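Participant: Sharing target.cif here; it has mmCIF, N, CA and C atoms.
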data_model
#
loop_
_atom_site.label_atom_id
_atom_site.label_comp_id
_atom_site.auth_asym_id
_atom_site.auth_seq_id
_atom_site.Cartn_x
_atom_site.Cartn_y
_atom_site.Cartn_z
N MET H 1 0.85 -1.18 0.00
CA MET H 1 0.00 0.00 0.00
C MET H 1 0.90 1.24 0.00
N VAL H 2 0.56 2.18 -0.83
CA VAL H 2 1.31 3.42 -0.93
C VAL H 2 0.41 4.55 -0.48
N ASP H 3 0.89 5.34 0.48
CA ASP H 3 0.12 6.49 0.93
C ASP H 3 0.54 7.70 0.14
N GLY H 4 -0.43 8.52 -0.22
CA GLY H 4 -0.10 9.72 -0.96
C GLY H 4 -1.15 10.78 -0.77
N ALA H 5 -0.92 11.94 -1.33
CA ALA H 5 -1.90 13.02 -1.25
C ALA H 5 -2.10 13.58 -2.64
N HIS H 6 -3.32 13.82 -3.01
CA HIS H 6 -3.62 14.43 -4.30
C HIS H 6 -3.33 15.92 -4.24
N SER H 7 -3.14 16.49 -5.41
CA SER H 7 -2.85 17.92 -5.46
C SER H 7 -4.04 18.77 -5.02
N ASP H 8 -5.26 18.19 -5.00
CA ASP H 8 -6.42 18.97 -4.58
C ASP H 8 -6.64 18.93 -3.07
N GLY H 9 -5.71 18.32 -2.32
CA GLY H 9 -5.80 18.35 -0.87
C GLY H 9 -6.50 17.15 -0.27
N LEU H 10 -6.96 16.20 -1.09
CA LEU H 10 -7.63 15.02 -0.55
C LEU H 10 -6.59 13.99 -0.12
N ASN H 11 -6.84 13.34 1.01
CA ASN H 11 -5.99 12.24 1.44
C ASN H 11 -6.41 11.01 0.66
N ALA H 12 -5.46 10.16 0.28
CA ALA H 12 -5.82 8.99 -0.49
C ALA H 12 -4.87 7.85 -0.18
N ASP H 13 -5.36 6.62 -0.35
CA ASP H 13 -4.56 5.42 -0.27
C ASP H 13 -4.63 4.76 -1.64
N SER H 14 -3.49 4.41 -2.20
CA SER H 14 -3.46 3.75 -3.49
C SER H 14 -3.03 2.31 -3.26
N THR H 15 -3.80 1.34 -3.76
CA THR H 15 -3.53 -0.07 -3.53
C THR H 15 -3.50 -0.80 -4.87
N GLU H 16 -2.51 -1.69 -5.05
CA GLU H 16 -2.41 -2.48 -6.27
C GLU H 16 -3.25 -3.74 -6.10
N ILE H 17 -4.34 -3.89 -6.88
CA ILE H 17 -5.21 -5.05 -6.81
C ILE H 17 -5.42 -5.56 -8.23
N ASP H 18 -5.02 -6.82 -8.50
CA ASP H 18 -5.19 -7.43 -9.82
C ASP H 18 -4.69 -6.51 -10.94
N ASN H 19 -3.49 -6.00 -10.79
CA ASN H 19 -2.88 -5.12 -11.78
C ASN H 19 -3.69 -3.86 -12.05
N GLN H 20 -4.58 -3.51 -11.15
CA GLN H 20 -5.34 -2.26 -11.29
C GLN H 20 -5.01 -1.38 -10.10
N SER H 21 -4.90 -0.12 -10.34
CA SER H 21 -4.64 0.82 -9.25
C SER H 21 -5.97 1.42 -8.82
N ARG H 22 -6.31 1.26 -7.54
CA ARG H 22 -7.54 1.83 -7.02
C ARG H 22 -7.18 2.91 -6.01
N ILE H 23 -7.95 3.96 -6.01
CA ILE H 23 -7.71 5.06 -5.08
C ILE H 23 -8.90 5.18 -4.15
N LYS H 24 -8.62 5.15 -2.86
CA LYS H 24 -9.66 5.34 -1.85
C LYS H 24 -9.54 6.79 -1.37
N VAL H 25 -10.56 7.58 -1.62
CA VAL H 25 -10.53 8.99 -1.25
C VAL H 25 -11.20 9.15 0.11
N ILE H 26 -10.51 9.80 1.01
CA ILE H 26 -11.03 10.08 2.34
C ILE H 26 -11.49 11.53 2.37
N CYS H 27 -12.58 11.79 3.06
CA CYS H 27 -13.18 13.12 3.12
C CYS H 27 -12.14 14.21 3.38
N PRO H 28 -12.17 15.28 2.60
CA PRO H 28 -11.22 16.38 2.82
C PRO H 28 -11.52 17.10 4.13
N PHE H 29 -10.50 17.65 4.71
CA PHE H 29 -10.68 18.38 5.96
C PHE H 29 -11.30 19.75 5.73
N ASN H 30 -11.11 20.29 4.57
CA ASN H 30 -11.73 21.57 4.22
C ASN H 30 -12.34 21.44 2.83
N PRO H 31 -13.46 22.07 2.62
CA PRO H 31 -14.07 22.00 1.29
C PRO H 31 -13.14 22.57 0.23
N THR H 32 -13.07 21.87 -0.91
CA THR H 32 -12.19 22.34 -1.98
C THR H 32 -12.97 22.72 -3.24
N LEU H 33 -14.27 22.46 -3.25
CA LEU H 33 -15.06 22.72 -4.45
C LEU H 33 -16.07 23.84 -4.24
N ILE H 34 -15.70 24.86 -3.50
CA ILE H 34 -16.59 26.00 -3.29
C ILE H 34 -16.55 26.87 -4.53
N THR H 35 -17.71 27.12 -5.12
CA THR H 35 -17.74 27.87 -6.37
C THR H 35 -18.21 29.30 -6.21
N SER H 36 -18.54 29.70 -4.99
CA SER H 36 -18.97 31.08 -4.78
C SER H 36 -17.94 31.80 -3.91
N SER H 37 -18.17 33.07 -3.69
CA SER H 37 -17.19 33.86 -2.94
C SER H 37 -17.48 33.77 -1.44
N ILE H 38 -17.07 32.65 -0.84
CA ILE H 38 -17.23 32.44 0.60
C ILE H 38 -15.88 32.65 1.25
N ASP H 39 -15.86 33.49 2.26
CA ASP H 39 -14.63 33.73 2.99
C ASP H 39 -14.25 32.48 3.77
N GLN H 40 -13.00 32.09 3.73
CA GLN H 40 -12.51 30.89 4.43
C GLN H 40 -12.81 30.95 5.93
N LEU H 41 -12.91 32.15 6.49
CA LEU H 41 -13.22 32.30 7.92
C LEU H 41 -14.64 31.83 8.24
N ASN H 42 -15.51 31.77 7.23
CA ASN H 42 -16.88 31.32 7.44
C ASN H 42 -17.06 29.82 7.26
N VAL H 43 -15.97 29.10 6.96
CA VAL H 43 -16.04 27.65 6.81
C VAL H 43 -15.71 27.02 8.15
N LEU H 44 -16.63 26.24 8.68
CA LEU H 44 -16.46 25.61 9.99
C LEU H 44 -15.35 24.57 9.92
N PRO H 45 -14.40 24.60 10.86
CA PRO H 45 -13.31 23.61 10.86
C PRO H 45 -13.86 22.19 10.93
N TYR H 46 -13.15 21.26 10.33
CA TYR H 46 -13.57 19.86 10.27
C TYR H 46 -13.86 19.30 11.66
N SER H 47 -13.03 19.64 12.64
CA SER H 47 -13.18 19.09 13.99
C SER H 47 -14.46 19.55 14.68
N ARG H 48 -15.08 20.63 14.21
CA ARG H 48 -16.29 21.15 14.85
C ARG H 48 -17.57 20.82 14.08
N ARG H 49 -17.45 20.18 12.94
CA ARG H 49 -18.63 19.91 12.12
C ARG H 49 -19.58 18.92 12.77
N GLY H 50 -19.06 17.93 13.49
CA GLY H 50 -19.92 16.96 14.16
C GLY H 50 -20.80 17.62 15.20
N ASN H 51 -20.22 18.52 16.00
CA ASN H 51 -20.99 19.24 17.02
C ASN H 51 -22.04 20.13 16.38
N ALA H 52 -21.69 20.76 15.27
CA ALA H 52 -22.65 21.64 14.59
C ALA H 52 -23.83 20.83 14.07
N PHE H 53 -23.55 19.66 13.52
CA PHE H 53 -24.61 18.80 13.03
C PHE H 53 -25.50 18.34 14.18
N PHE H 54 -24.87 17.91 15.27
CA PHE H 54 -25.60 17.44 16.44
C PHE H 54 -26.48 18.55 17.01
N SER H 55 -25.93 19.74 17.13
CA SER H 55 -26.71 20.84 17.72
C SER H 55 -27.87 21.27 16.82
N ALA H 56 -27.76 21.01 15.54
CA ALA H 56 -28.87 21.33 14.64
C ALA H 56 -30.02 20.34 14.82
N LEU H 57 -29.72 19.15 15.31
CA LEU H 57 -30.75 18.13 15.51
C LEU H 57 -31.42 18.21 16.88
N ILE H 58 -30.71 18.75 17.85
CA ILE H 58 -31.18 18.77 19.23
C ILE H 58 -31.87 20.09 19.53
N GLU H 59 -33.00 20.00 20.19
CA GLU H 59 -33.74 21.20 20.58
C GLU H 59 -33.22 21.69 21.93
N ILE H 60 -32.60 22.86 21.94
CA ILE H 60 -32.11 23.45 23.18
C ILE H 60 -33.05 24.60 23.54
N PRO H 61 -33.75 24.47 24.66
CA PRO H 61 -34.73 25.49 25.03
C PRO H 61 -34.07 26.80 25.42
N SER H 62 -34.78 27.88 25.21
CA SER H 62 -34.24 29.20 25.56
C SER H 62 -34.74 29.67 26.92
N ILE H 63 -35.86 29.11 27.39
CA ILE H 63 -36.40 29.50 28.70
C ILE H 63 -36.89 28.25 29.43
N TYR H 64 -37.04 28.38 30.75
CA TYR H 64 -37.46 27.27 31.60
C TYR H 64 -38.77 26.65 31.13
N LYS H 65 -39.73 27.49 30.79
CA LYS H 65 -41.06 27.02 30.37
C LYS H 65 -40.95 26.07 29.18
N ASN H 66 -40.05 26.37 28.26
CA ASN H 66 -39.85 25.49 27.10
C ASN H 66 -39.09 24.22 27.48
N ALA H 67 -38.16 24.34 28.43
CA ALA H 67 -37.36 23.19 28.84
C ALA H 67 -38.22 22.08 29.42
N VAL H 68 -39.23 22.46 30.18
CA VAL H 68 -40.08 21.44 30.82
C VAL H 68 -41.22 20.97 29.92
N LYS H 69 -41.21 21.43 28.67
CA LYS H 69 -42.21 20.96 27.69
C LYS H 69 -41.60 20.09 26.59
N THR H 70 -40.28 20.00 26.53
CA THR H 70 -39.63 19.24 25.46
C THR H 70 -39.74 17.75 25.73
N LYS H 71 -39.37 16.95 24.73
CA LYS H 71 -39.37 15.50 24.91
C LYS H 71 -38.29 15.07 25.90
N ASP H 72 -37.29 15.91 26.12
CA ASP H 72 -36.22 15.63 27.08
C ASP H 72 -36.48 16.30 28.42
N LYS H 73 -37.75 16.57 28.72
CA LYS H 73 -38.08 17.33 29.93
C LYS H 73 -37.56 16.67 31.20
N ASP H 74 -37.55 15.34 31.27
CA ASP H 74 -37.05 14.67 32.47
C ASP H 74 -35.56 14.92 32.67
N LEU H 75 -34.81 14.93 31.57
CA LEU H 75 -33.37 15.21 31.66
C LEU H 75 -33.12 16.66 32.06
N TRP H 76 -33.90 17.59 31.48
CA TRP H 76 -33.74 19.00 31.83
C TRP H 76 -34.09 19.23 33.30
N LYS H 77 -35.18 18.61 33.78
CA LYS H 77 -35.58 18.77 35.18
C LYS H 77 -34.50 18.21 36.11
N LYS H 78 -33.92 17.08 35.74
CA LYS H 78 -32.85 16.49 36.55
C LYS H 78 -31.66 17.45 36.62
N ALA H 79 -31.28 18.03 35.49
CA ALA H 79 -30.16 18.98 35.46
C ALA H 79 -30.48 20.23 36.26
N ILE H 80 -31.71 20.72 36.14
CA ILE H 80 -32.13 21.93 36.88
C ILE H 80 -32.09 21.67 38.38
N ASN H 81 -32.56 20.51 38.81
CA ASN H 81 -32.56 20.18 40.24
C ASN H 81 -31.16 19.94 40.78
N LYS H 82 -30.26 19.49 39.93
CA LYS H 82 -28.88 19.21 40.35
C LYS H 82 -28.03 20.48 40.47
N GLU H 83 -28.36 21.49 39.70
CA GLU H 83 -27.53 22.70 39.63
C GLU H 83 -27.35 23.41 40.97
N PRO H 84 -28.39 23.64 41.77
CA PRO H 84 -28.17 24.29 43.08
C PRO H 84 -27.23 23.50 43.99
N ASP H 85 -27.32 22.17 43.95
CA ASP H 85 -26.40 21.35 44.74
C ASP H 85 -24.96 21.52 44.27
N ASN H 86 -24.76 21.56 42.96
CA ASN H 86 -23.42 21.78 42.41
C ASN H 86 -22.87 23.13 42.85
N MET H 87 -23.69 24.16 42.77
CA MET H 87 -23.25 25.51 43.17
C MET H 87 -22.94 25.56 44.66
N ASN H 88 -23.72 24.86 45.45
CA ASN H 88 -23.47 24.82 46.89
C ASN H 88 -22.14 24.11 47.19
N GLN H 89 -21.87 22.99 46.51
CA GLN H 89 -20.61 22.27 46.70
C GLN H 89 -19.41 23.11 46.28
N LEU H 90 -19.58 23.90 45.25
CA LEU H 90 -18.49 24.76 44.76
C LEU H 90 -18.40 26.08 45.52
N LYS H 91 -19.26 26.24 46.52
CA LYS H 91 -19.29 27.44 47.37
C LYS H 91 -19.47 28.72 46.54
N VAL H 92 -20.39 28.64 45.58
CA VAL H 92 -20.72 29.80 44.74
C VAL H 92 -21.42 30.85 45.58
N TRP H 93 -22.16 30.41 46.57
CA TRP H 93 -22.88 31.33 47.44
C TRP H 93 -22.88 30.82 48.87
N GLU H 94 -23.33 31.67 49.74
CA GLU H 94 -23.50 31.32 51.15
C GLU H 94 -24.95 31.64 51.50
N ILE H 95 -25.64 30.68 52.07
CA ILE H 95 -27.05 30.87 52.43
C ILE H 95 -27.12 31.67 53.72
N ILE H 96 -27.85 32.78 53.68
CA ILE H 96 -28.02 33.65 54.85
C ILE H 96 -29.49 33.99 55.01
N ASP H 97 -29.83 34.55 56.15
CA ASP H 97 -31.19 35.04 56.36
C ASP H 97 -31.37 36.35 55.60
N LEU H 98 -32.50 36.50 54.95
CA LEU H 98 -32.78 37.71 54.20
C LEU H 98 -33.22 38.81 55.16
N LYS H 99 -32.47 39.89 55.17
CA LYS H 99 -32.80 41.03 56.04
C LYS H 99 -33.58 42.05 55.24
N GLU H 100 -34.24 42.95 55.93
CA GLU H 100 -35.10 43.94 55.27
C GLU H 100 -34.36 44.83 54.28
N ASP H 101 -33.12 45.20 54.59
CA ASP H 101 -32.39 46.11 53.71
C ASP H 101 -31.64 45.37 52.58
N TYR H 102 -31.74 44.05 52.52
CA TYR H 102 -31.13 43.28 51.44
C TYR H 102 -32.10 43.17 50.26
N LYS H 103 -31.55 43.15 49.08
CA LYS H 103 -32.38 42.95 47.89
C LYS H 103 -31.97 41.63 47.24
N LEU H 104 -32.95 40.90 46.79
CA LEU H 104 -32.67 39.65 46.09
C LEU H 104 -32.12 39.94 44.70
N VAL H 105 -31.19 39.11 44.29
CA VAL H 105 -30.64 39.21 42.95
C VAL H 105 -31.35 38.16 42.10
N GLY H 106 -31.87 38.58 40.98
CA GLY H 106 -32.56 37.65 40.09
C GLY H 106 -31.59 36.70 39.40
N THR H 107 -32.12 35.65 38.86
CA THR H 107 -31.29 34.68 38.15
C THR H 107 -31.84 34.45 36.75
N THR H 108 -30.99 33.97 35.90
CA THR H 108 -31.38 33.61 34.55
C THR H 108 -30.83 32.22 34.26
N TRP H 109 -31.67 31.34 33.79
CA TRP H 109 -31.22 30.01 33.41
C TRP H 109 -30.76 30.03 31.96
N ILE H 110 -29.57 29.50 31.73
CA ILE H 110 -29.05 29.34 30.37
C ILE H 110 -28.96 27.84 30.12
N PHE H 111 -29.65 27.37 29.12
CA PHE H 111 -29.66 25.94 28.83
C PHE H 111 -28.67 25.62 27.72
N ARG H 112 -27.79 24.65 27.99
CA ARG H 112 -26.79 24.19 27.03
C ARG H 112 -26.64 22.69 27.19
N MET H 113 -26.22 22.03 26.12
CA MET H 113 -25.91 20.61 26.18
C MET H 113 -24.41 20.45 26.01
N LYS H 114 -23.80 19.67 26.88
CA LYS H 114 -22.37 19.40 26.78
C LYS H 114 -22.15 18.30 25.76
N MET H 115 -21.21 18.51 24.88
CA MET H 115 -20.89 17.52 23.87
C MET H 115 -19.73 16.65 24.37
N ASN H 116 -19.65 15.45 23.87
CA ASN H 116 -18.55 14.52 24.16
C ASN H 116 -18.41 14.19 25.63
N GLN H 117 -19.52 14.03 26.33
CA GLN H 117 -19.45 13.63 27.74
C GLN H 117 -20.37 12.49 28.00
#
Can you present the structure in this file as structure tokens?

Facilitator:
Amino acid sequence: MVDGAHSDGLNADSTEIDNQSRIKVICPFNPTLITSSIDQLNVLPYSRRGNAFFSALIEIPSIYKNAVKTKDKDLWKKAINKEPDNMNQLKVWEIIDLKEDYKLVGTTWIFRMKMNQ
């Protein structure tokens, strides 16, 4: 087996089988057949394409009300219930008695899915 690279940037393996040369082309890391004026900075790197595809398929809610209505509502509720315990373990806050001159600080939930875990 001889390893080589084509001039167009594709990785390839060339193998001699029955006096015929066959080339196995492996997906290019960057698109090479773009025919319009697309800036290279707008092309998503190969290593991030899987996450982009996955995130396009998964519904990530923008607010709590939507999170508890999705098909993954049980997973979202589990994550929501776990978060205060995580913050307490990390000593993000200290629980105190609310005094009259104290004002509560509001919170905002940001929903995200971790990839590759």

Participant: Nearest to Trp109 of chain H among H:Glu94, H:Trp76, H:Asn88, H:Ser62, with distances taken over all atoms listed in the file: which residue is it?

Facilitator: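 Closest to Trp109 of chain H, using all atoms listed in the file: H:Ser62.
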
Participant: Quick one, how far is atom N of Ile110 of chain H from atom CA of Tyr64 of chain H?

Facilitator: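 According to the coordinates, atom N of Ile110 of chain H and atom CA of Tyr64 of chain H are separated by 8.2 Å.
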
Participant: Between atom N of Met113 of chain H and atom CA of Lys77 of chain H, what is the spacing in Å?

Facilitator: 13.4 Å

Participant: Just give me the gap between atom CA of Pro84 of chain H and atom CA of Lys99 of chain H in Å, one decimal is fine.

Facilitator: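 We find that atom CA of Pro84 of chain H and atom CA of Lys99 of chain H lie 21.7 Å from each other.
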
Participant: May I ask which of the residues H:Ile96, H:Glu59, H:Arg112, H:Gly106 is the closest one to Asp72 of chain H, counting only C-alpha atoms?

Facilitator: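 Ranked by minimum distance to Asp72 of chain H, first place goes to H:Glu59.
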
Participant: Using only C-alpha atoms, which residue out of H:Val105, H:Val92, H:Ile80, H:Met87 lies closest to Ile63 of chain H?

Facilitator: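 Among the listed residues, the smallest separation from Ile63 of chain H belongs to H:Ile80.
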
Participant: With 8 Å on each side, where is the centre of the axis-aligned box around all listed atoms of segment 79-92 of chain H, and how long are its edges in Å to one decimal, as lines of an AutoDock Vina configuration file?

Facilitator:
center_x = -25.5
center_y = 24.4
center_z = 41.4
size_x = 30.2
size_y = 28.8
size_z = 27.9
